[in-house]
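Structure file model.cif (mmCIF, C-alpha atoms) is printed below.
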```cif
data_structure
#
loop_
_atom_site.label_atom_id
_atom_site.label_comp_id
_atom_site.auth_asym_id
_atom_site.auth_seq_id
_atom_site.Cartn_x
_atom_site.Cartn_y
_atom_site.Cartn_z
CA MET S 287 9.42 -24.33 20.13
CA LEU S 288 10.04 -22.92 16.65
CA THR S 289 6.38 -23.47 15.80
CA GLY S 290 5.38 -21.51 18.89
CA VAL S 291 7.63 -18.61 17.92
CA ARG S 292 6.16 -18.63 14.42
CA GLU S 293 2.59 -18.58 15.75
CA GLN S 294 3.27 -15.76 18.21
CA LEU S 295 5.04 -13.61 15.62
CA GLY S 296 2.41 -14.32 12.98
CA GLN S 297 -0.44 -13.45 15.35
CA ALA S 298 1.26 -10.23 16.43
CA LEU S 299 1.77 -9.13 12.83
CA PHE S 300 -1.79 -10.04 11.90
CA ARG S 301 -3.22 -8.08 14.83
CA ARG S 302 -1.26 -5.02 13.74
CA VAL S 303 -2.47 -5.05 10.14
CA ALA S 304 -5.98 -6.46 10.63
CA GLY S 305 -7.05 -5.19 14.04
CA PRO S 306 -8.86 -6.99 16.87
CA GLY S 307 -11.65 -8.16 14.55
CA GLY S 308 -9.16 -9.56 12.06
CA PRO S 309 -9.86 -13.29 12.50
CA ALA S 310 -13.62 -12.86 12.04
CA THR S 311 -13.11 -10.57 9.06
CA ARG S 312 -10.66 -13.01 7.47
CA ALA S 313 -13.12 -15.88 7.90
CA ARG S 314 -15.92 -13.87 6.30
CA ILE S 315 -13.75 -12.77 3.38
CA HIS S 316 -12.40 -16.18 2.51
CA HIS S 317 -15.22 -18.54 3.49
CA THR S 318 -18.41 -16.74 2.47
CA PRO S 319 -19.72 -18.45 -0.67
CA GLY S 320 -20.48 -16.44 -3.78
CA PRO S 321 -18.88 -14.98 -6.91
CA ARG S 322 -15.73 -12.86 -6.58
CA TRP S 323 -14.42 -9.94 -8.60
CA PHE S 324 -11.18 -11.86 -9.15
CA ALA S 325 -10.70 -15.56 -9.83
CA PRO S 326 -8.17 -17.51 -7.73
CA ASP S 327 -5.56 -17.40 -10.51
CA ARG S 328 -5.64 -13.62 -11.03
CA PRO S 329 -2.38 -11.71 -10.43
CA ILE S 330 -3.97 -9.29 -7.98
CA ARG S 331 -4.42 -12.19 -5.57
CA THR S 332 -0.76 -13.14 -5.88
CA VAL S 333 0.53 -9.62 -5.32
CA HIS S 334 -1.82 -8.59 -2.51
CA GLY S 335 -1.27 -11.84 -0.63
CA ASP S 336 2.51 -11.51 -0.48
CA ALA S 337 4.68 -10.18 2.35
CA SER S 338 6.16 -7.61 -0.04
CA MET S 339 3.01 -5.56 0.63
CA PHE S 340 4.52 -4.50 3.97
CA ILE S 341 7.20 -2.61 2.04
CA GLY S 342 5.04 -1.57 -0.91
CA GLY S 343 2.46 -0.02 1.38
CA LEU S 344 5.03 2.33 2.90
CA THR S 345 6.34 3.23 -0.55
CA ALA S 346 2.80 4.04 -1.67
CA LEU S 347 2.20 6.39 1.26
CA LEU S 348 5.42 8.28 0.56
CA LEU S 349 4.69 8.57 -3.15
CA GLN S 350 1.04 9.56 -2.70
CA SER S 351 2.06 12.38 -0.34
CA LEU S 352 3.69 14.25 -3.22
CA HIS S 353 0.38 15.42 -4.63
CA PRO S 354 -0.46 18.56 -2.60
CA LEU S 355 -4.21 18.01 -2.78
CA ALA S 356 -3.99 14.36 -1.74
CA MET S 357 -1.62 15.27 1.09
CA ALA S 358 -3.89 18.07 2.28
CA ALA S 359 -6.83 15.67 2.43
CA VAL S 360 -4.81 13.11 4.38
CA ALA S 361 -3.35 15.69 6.77
CA SER S 362 -6.75 17.21 7.54
CA HIS S 363 -9.05 14.20 7.55
CA SER S 364 -7.32 10.81 7.81
CA GLY S 365 -6.07 10.89 11.40
CA PHE S 366 -2.92 9.06 10.33
CA ARG S 367 -0.93 10.58 13.19
CA GLY S 368 -3.48 10.07 15.91
CA ASP S 369 -4.56 6.59 14.78
CA PRO S 370 -2.01 5.24 12.29
CA TRP S 371 -2.76 1.61 13.08
CA GLY S 372 -6.47 2.15 12.64
CA ARG S 373 -5.84 3.65 9.22
CA LEU S 374 -3.58 0.74 8.28
CA GLN S 375 -6.19 -1.76 9.43
CA ARG S 376 -8.98 -0.09 7.46
CA THR S 377 -6.82 0.02 4.33
CA SER S 378 -5.70 -3.60 4.65
CA THR S 379 -9.28 -4.73 5.19
CA PHE S 380 -10.43 -2.84 2.09
CA LEU S 381 -7.69 -4.44 0.00
CA ALA S 382 -8.52 -7.89 1.34
CA VAL S 383 -12.27 -7.56 0.77
CA THR S 384 -12.00 -6.23 -2.77
CA THR S 385 -9.29 -8.75 -3.71
CA TYR S 386 -10.62 -11.93 -2.10
CA GLY S 387 -14.14 -11.26 -0.84
CA THR S 388 -17.47 -11.87 -2.49
CA ALA S 389 -18.60 -9.46 -5.18
CA ALA S 390 -21.35 -8.23 -2.87
CA ASP S 391 -18.92 -7.54 -0.01
CA ALA S 392 -16.45 -5.88 -2.39
CA GLN S 393 -19.13 -3.56 -3.71
CA GLU S 394 -20.28 -2.75 -0.18
CA ALA S 395 -16.69 -1.85 0.78
CA VAL S 396 -16.35 0.38 -2.27
CA ASP S 397 -19.67 2.11 -1.59
CA HIS S 398 -18.56 2.77 2.00
CA VAL S 399 -15.29 4.35 0.88
CA ARG S 400 -17.05 6.42 -1.78
CA GLY S 401 -19.39 7.75 0.88
CA ILE S 402 -16.41 8.83 2.99
CA HIS S 403 -14.74 10.46 -0.03
CA GLN S 404 -17.85 12.51 -0.73
CA ARG S 405 -17.57 14.13 2.71
CA ILE S 406 -13.85 14.93 2.54
CA ARG S 407 -13.28 18.35 1.07
CA GLY S 408 -11.48 21.54 1.98
CA THR S 409 -8.75 23.91 0.84
CA THR S 410 -4.97 23.74 1.02
CA ALA S 411 -2.85 26.29 2.87
CA GLU S 412 -2.58 28.11 -0.47
CA GLY S 413 -6.36 28.24 -0.81
CA VAL S 414 -6.68 25.56 -3.49
CA PRO S 415 -9.87 23.51 -3.07
CA TYR S 416 -9.76 19.72 -2.93
CA HIS S 417 -12.35 16.97 -2.84
CA ALA S 418 -11.44 13.35 -2.13
CA ALA S 419 -14.05 12.16 -4.65
CA ASP S 420 -12.39 14.07 -7.50
CA PRO S 421 -11.73 11.43 -10.21
CA HIS S 422 -8.41 13.06 -11.10
CA LEU S 423 -7.20 12.89 -7.50
CA LEU S 424 -8.43 9.30 -7.19
CA GLY S 425 -6.45 8.52 -10.32
CA TRP S 426 -3.23 9.72 -8.71
CA VAL S 427 -3.78 7.79 -5.49
CA HIS S 428 -4.53 4.65 -7.49
CA ALA S 429 -1.56 4.97 -9.85
CA ALA S 430 0.89 5.63 -7.01
CA GLU S 431 -0.42 2.67 -5.03
CA THR S 432 -0.43 0.27 -7.98
CA ASP S 433 3.09 1.23 -9.01
CA SER S 434 4.39 0.83 -5.45
CA PHE S 435 2.80 -2.58 -4.89
CA LEU S 436 4.07 -3.76 -8.28
CA ARG S 437 7.63 -2.56 -7.62
CA ALA S 438 7.64 -4.21 -4.18
CA HIS S 439 6.39 -7.54 -5.47
CA ALA S 440 8.79 -7.56 -8.42
CA ARG S 441 11.74 -7.12 -6.02
CA TYR S 442 10.65 -8.95 -2.87
CA GLY S 443 7.78 -11.24 -3.90
CA ALA S 444 8.06 -14.96 -3.23
CA ARG S 445 7.05 -15.72 -6.82
CA PRO S 446 7.60 -12.67 -9.04
CA LEU S 447 5.33 -12.51 -12.08
CA ASP S 448 6.45 -12.27 -15.69
CA ALA S 449 5.83 -9.16 -17.80
CA ALA S 450 2.37 -10.32 -18.88
CA GLY S 451 1.49 -11.11 -15.27
CA TYR S 452 2.34 -7.63 -14.06
CA ASP S 453 0.41 -6.08 -16.95
CA ALA S 454 -2.55 -8.21 -15.86
CA TYR S 455 -2.06 -7.03 -12.27
CA VAL S 456 -2.40 -3.42 -13.41
CA ALA S 457 -5.56 -4.38 -15.31
CA ASP S 458 -6.98 -6.09 -12.21
CA THR S 459 -6.41 -3.04 -10.02
CA ALA S 460 -8.11 -0.85 -12.63
CA ARG S 461 -11.40 -2.59 -11.85
CA VAL S 462 -11.24 -1.48 -8.23
CA ALA S 463 -10.12 2.03 -9.21
CA GLU S 464 -13.05 2.46 -11.57
CA ALA S 465 -15.46 1.24 -8.91
CA LEU S 466 -14.07 3.94 -6.58
CA GLY S 467 -14.62 6.63 -9.19
CA ALA S 468 -11.33 6.97 -11.08
CA LEU S 469 -11.71 7.58 -14.81
CA ASP S 470 -9.90 5.37 -17.34
CA PRO S 471 -7.19 4.03 -15.00
CA PRO S 472 -4.13 2.39 -16.61
CA ARG S 473 -4.45 -1.23 -17.66
CA ASP S 474 -0.84 -2.25 -18.25
CA ARG S 475 2.62 -1.13 -17.13
CA GLY S 476 3.11 1.12 -20.13
CA GLU S 477 -0.08 3.01 -19.41
CA LEU S 478 0.83 3.14 -15.73
CA ALA S 479 4.19 4.78 -16.51
CA GLU S 480 2.47 7.29 -18.80
CA CYS S 481 -0.09 8.04 -16.11
CA LEU S 482 2.54 8.73 -13.46
CA ALA S 483 4.49 10.93 -15.88
CA ALA S 484 1.35 12.93 -16.64
CA TYR S 485 0.94 13.78 -12.94
CA ARG S 486 4.55 14.88 -12.48
CA PRO S 487 3.92 18.61 -13.12
CA GLU S 488 1.37 18.64 -10.29
CA LEU S 489 3.64 17.06 -7.70
CA ARG S 490 5.78 18.72 -5.07
CA ALA S 491 6.98 18.03 -1.57
CA THR S 492 4.94 20.33 0.63
CA PRO S 493 5.89 20.81 4.28
CA GLU S 494 3.04 18.41 5.10
CA ALA S 495 4.52 15.77 2.78
CA ARG S 496 7.96 16.04 4.33
CA ALA S 497 6.46 15.92 7.81
CA ALA S 498 4.54 12.78 6.85
CA ALA S 499 7.75 11.21 5.53
CA ARG S 500 9.58 11.98 8.78
CA PHE S 501 6.71 10.46 10.76
CA LEU S 502 6.58 7.30 8.63
CA LEU S 503 10.33 6.78 8.45
CA PHE S 504 11.69 8.04 11.74
CA GLN S 505 8.85 8.42 14.26
CA PRO S 506 6.71 5.28 13.98
CA PRO S 507 4.36 4.65 16.91
CA LEU S 508 6.12 1.43 17.85
CA PRO S 509 7.94 0.03 20.90
CA LEU S 510 11.70 0.56 20.77
CA ALA S 511 12.31 -3.18 20.58
CA VAL S 512 10.65 -3.53 17.17
CA ARG S 513 11.79 -0.26 15.61
CA PRO S 514 14.89 -1.81 13.98
CA PHE S 515 12.60 -4.33 12.24
CA TYR S 516 10.34 -1.51 11.04
CA GLY S 517 13.38 0.58 10.10
CA GLY S 518 14.50 -2.17 7.73
CA LEU S 519 11.10 -2.18 6.03
CA ALA S 520 11.08 1.62 5.81
CA ALA S 521 14.59 1.79 4.33
CA ASN S 522 13.58 -0.66 1.63
CA ALA S 523 10.40 1.29 0.96
CA VAL S 524 12.54 4.34 0.21
CA THR S 525 14.69 2.38 -2.26
CA LEU S 526 11.57 1.55 -4.30
CA LEU S 527 10.64 5.19 -4.85
CA PRO S 528 11.30 6.61 -8.31
CA PRO S 529 14.48 8.73 -8.20
CA TRP S 530 12.56 11.95 -8.82
CA ALA S 531 10.27 11.21 -5.85
CA ARG S 532 13.23 10.58 -3.57
CA GLY S 533 14.71 13.88 -4.67
CA MET S 534 11.52 15.76 -3.86
CA LEU S 535 11.38 14.24 -0.38
CA ARG S 536 15.13 14.83 0.16
CA LEU S 537 15.82 11.15 0.69
CA PRO S 538 19.32 10.68 -0.75
CA ARG S 539 20.46 7.51 -2.47
CA VAL S 540 23.55 5.67 -1.19
CA PRO S 541 24.09 2.95 -3.84
CA VAL S 542 26.74 0.86 -2.09
CA VAL S 543 24.90 0.76 1.23
CA GLU S 544 21.59 0.03 -0.45
CA ASP S 545 22.96 -2.76 -2.60
CA LEU S 546 25.06 -4.42 0.11
CA ALA S 547 22.90 -3.89 3.19
CA VAL S 548 19.42 -2.46 2.60
CA ARG S 549 18.14 -4.77 -0.13
CA PRO S 550 19.42 -7.98 1.49
CA THR S 551 17.72 -6.85 4.70
CA GLY S 552 14.48 -6.34 2.77
CA HIS S 553 14.63 -9.87 1.40
CA ALA S 554 15.36 -11.28 4.85
CA LEU S 555 12.51 -9.34 6.46
CA THR S 556 9.92 -10.31 3.87
CA ARG S 557 11.00 -13.96 4.13
CA THR S 558 10.58 -13.75 7.91
CA ILE S 559 7.13 -12.18 7.62
CA ARG S 560 6.11 -14.80 5.07
CA TRP S 561 7.35 -17.59 7.35
CA ALA S 562 5.58 -16.16 10.39
CA MET S 563 2.23 -15.64 8.69
CA THR S 564 2.15 -19.05 6.98
CA PRO S 565 0.57 -21.72 9.20
CA ALA S 566 3.12 -24.40 10.04
CA ARG S 567 1.12 -27.13 8.32
CA GLU S 568 1.31 -25.19 5.02
CA ALA S 569 5.01 -24.36 5.19
#
```

Final structure tokens representation of the file:
Amino acid sequence: MLTGVREQLGQALFRRVAGPGGPATRARIHHTPGPRWFAPDRPIRTVHGDASMFIGGLTALLLQSLHPLAMAAVASHSGFRGDPWGRLQRTSTFLAVTTYGTAADAQEAVDHVRGIHQRIRGTTAEGVPYHAADPHLLGWVHAAETDSFLRAHARYGARPLDAAGYDAYVADTARVAEALGALDPPRDRGELAECLAAYRPELRATPEARAAARFLLFQPPLPLAVRPFYGGLAANAVTLLPPWARGMLRLPRVPVVEDLAVRPTGHALTRTIRWAMTPAREA
């Protein structure tokens, strides 16, 4: 009976993040022969294959929204409100292909995304032009994502890496960022911190950013029965944000509650996800 519950929960989670074509895509990614961008022992494979990504992904979306040009592009072109699961599935597939797929498939995925970026352009409500292919904007999106995934894995990962391992993770992600068009992305945690600090003067919580945060945290397109589960993930995603980012988004910190209730819930949820998505014979 427990095995059946595990399989049902695991399949439901996988369908949400991978979409209806998930099984076929997973088989192609992992079983197609050929060279890969990243060897099996690379840190990027450890981080991106862990259940902590469920929390880190939400943190990344909240942090990325603080750049007005990035947020304007998302609000006008991504369809995250109308098709949030489709956006999640496309993002998760891109991460999986570039992390685990053949070099040819990874390059094809990158070329596809670059083609989309070339078409996304416009102006903010203040009349400032933006272009999704702008290397500077790509640099922000990459740095925010890398920092969020790293923070999530360091706190909730099944096997946290040592300092050298997380530096190597940043270096691994730089390869994908450069392929997408970012210029000189950070290659260790020190450079990543410097990169995020350099973007700080450009960041602010626009009305669109705060609306996106409300949508992600309080209005998820989910059945009522699973919203408490999602709420636990979202609360932990907020705790991973840098303090200055939380302040911008008006997400207050409650230390006692976070330490005694939120973080333990995050550990329990990631353990449950990990259990559900690990085939019983491998557990």

With distances taken over all atoms listed in the file, which of S:Val396, S:Ile315, S:Ala523, S:Leu489 is nearest to His439 (chain S)?
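Looking only at the distances to His439 (chain S), the closest residue turns out to be S:Ala523.
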
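The space separating CA of Pro321 (chain S) from CA of Ala392 (chain S) comes to 10.4 Å.
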
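Restricting the calculation to all atoms listed in the file, the smallest distance between His398 (chain S) and any of S:Gly552, S:Pro306, S:Ala479, S:Ala465 is found for S:Ala465.
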
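Here the PyMOL selection byres ((chain S and resi 529-532) around 10) matches the residues Leu348, Leu349, Gln350, Ser351, Leu352, Arg486, Leu489, Arg490, Ala491, Val524, Thr525, Leu526, Leu527, Pro528, Gly533, Met534, Leu535, Arg536, Leu537, Pro538 and Arg539 of chain S.
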
Please produce a file of the residues just selected, as an mmCIF file, in the coordinates of the input, where the atoms kept are C-alpha atoms.
```
data_model
loop_
_atom_site.group_PDB
_atom_site.id
_atom_site.type_symbol
_atom_site.label_atom_id
_atom_site.label_comp_id
_atom_site.auth_asym_id
_atom_site.auth_seq_id
_atom_site.Cartn_x
_atom_site.Cartn_y
_atom_site.Cartn_z
ATOM 1 C CA LEU S 348 5.420 8.280 0.560
ATOM 2 C CA LEU S 349 4.690 8.570 -3.150
ATOM 3 C CA GLN S 350 1.040 9.560 -2.700
ATOM 4 C CA SER S 351 2.060 12.380 -0.340
ATOM 5 C CA LEU S 352 3.690 14.250 -3.220
ATOM 6 C CA ARG S 486 4.550 14.880 -12.480
ATOM 7 C CA LEU S 489 3.640 17.060 -7.700
ATOM 8 C CA ARG S 490 5.780 18.720 -5.070
ATOM 9 C CA ALA S 491 6.980 18.030 -1.570
ATOM 10 C CA VAL S 524 12.540 4.340 0.210
ATOM 11 C CA THR S 525 14.690 2.380 -2.260
ATOM 12 C CA LEU S 526 11.570 1.550 -4.300
ATOM 13 C CA LEU S 527 10.640 5.190 -4.850
ATOM 14 C CA PRO S 528 11.300 6.610 -8.310
ATOM 15 C CA GLY S 533 14.710 13.880 -4.670
ATOM 16 C CA MET S 534 11.520 15.760 -3.860
ATOM 17 C CA LEU S 535 11.380 14.240 -0.380
ATOM 18 C CA ARG S 536 15.130 14.830 0.160
ATOM 19 C CA LEU S 537 15.820 11.150 0.690
ATOM 20 C CA PRO S 538 19.320 10.680 -0.750
ATOM 21 C CA ARG S 539 20.460 7.510 -2.470
#
```

Residue by residue, what does the PyMOL selection byres ((chain S and resi 459) around 10) grab here? Present the result as an NGL selection string.
:S and (329-330 or 384-385 or 428-429 or 431-432 or 454-458 or 460-464 or 471-474)

For CA of Tyr442 (chain S) and CA of His553 (chain S), determine how far apart the two atoms are, in Å to one decimal place.
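Taking CA of Tyr442 (chain S) and CA of His553 (chain S), their separation equals 5.9 Å.
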
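The coordinates place CA of Leu374 (chain S) at 20.5 Å from CA of Leu355 (chain S).
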
Taking (3.4, -9.0, 2.1) in the coordinates of the supplied file, I want to know which residues reach to within 10 Å of it, counting all atoms listed in the file; could you give the answer as an NGL selection string?
:S and (332-343 or 435 or 438-439 or 442-444 or 556-557 or 559-560 or 563)

I would like the residues chosen by the PyMOL selection byres ((chain S and resi 386) around 12) on the shown file; could you give them as a compact mmCIF listing (two decimals) with C-alpha atoms, in the frame of the given file?
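What landed in result-v7.txt:
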```txt
# COMPACT_ATOMS: atom_id res chain seq x y z
CA THR S 311 -13.11 -10.57 9.06
CA ARG S 312 -10.66 -13.01 7.47
CA ALA S 313 -13.12 -15.88 7.90
CA ARG S 314 -15.92 -13.87 6.30
CA ILE S 315 -13.75 -12.77 3.38
CA HIS S 316 -12.40 -16.18 2.51
CA HIS S 317 -15.22 -18.54 3.49
CA THR S 318 -18.41 -16.74 2.47
CA PRO S 319 -19.72 -18.45 -0.67
CA GLY S 320 -20.48 -16.44 -3.78
CA PRO S 321 -18.88 -14.98 -6.91
CA ARG S 322 -15.73 -12.86 -6.58
CA TRP S 323 -14.42 -9.94 -8.60
CA PHE S 324 -11.18 -11.86 -9.15
CA ALA S 325 -10.70 -15.56 -9.83
CA PRO S 326 -8.17 -17.51 -7.73
CA ASP S 327 -5.56 -17.40 -10.51
CA ARG S 328 -5.64 -13.62 -11.03
CA PRO S 329 -2.38 -11.71 -10.43
CA ILE S 330 -3.97 -9.29 -7.98
CA ARG S 331 -4.42 -12.19 -5.57
CA THR S 332 -0.76 -13.14 -5.88
CA VAL S 333 0.53 -9.62 -5.32
CA HIS S 334 -1.82 -8.59 -2.51
CA GLY S 335 -1.27 -11.84 -0.63
CA SER S 378 -5.70 -3.60 4.65
CA THR S 379 -9.28 -4.73 5.19
CA PHE S 380 -10.43 -2.84 2.09
CA LEU S 381 -7.69 -4.44 0.00
CA ALA S 382 -8.52 -7.89 1.34
CA VAL S 383 -12.27 -7.56 0.77
CA THR S 384 -12.00 -6.23 -2.77
CA THR S 385 -9.29 -8.75 -3.71
CA GLY S 387 -14.14 -11.26 -0.84
CA THR S 388 -17.47 -11.87 -2.49
CA ALA S 389 -18.60 -9.46 -5.18
CA ALA S 390 -21.35 -8.23 -2.87
CA ASP S 391 -18.92 -7.54 -0.01
CA ALA S 392 -16.45 -5.88 -2.39
```
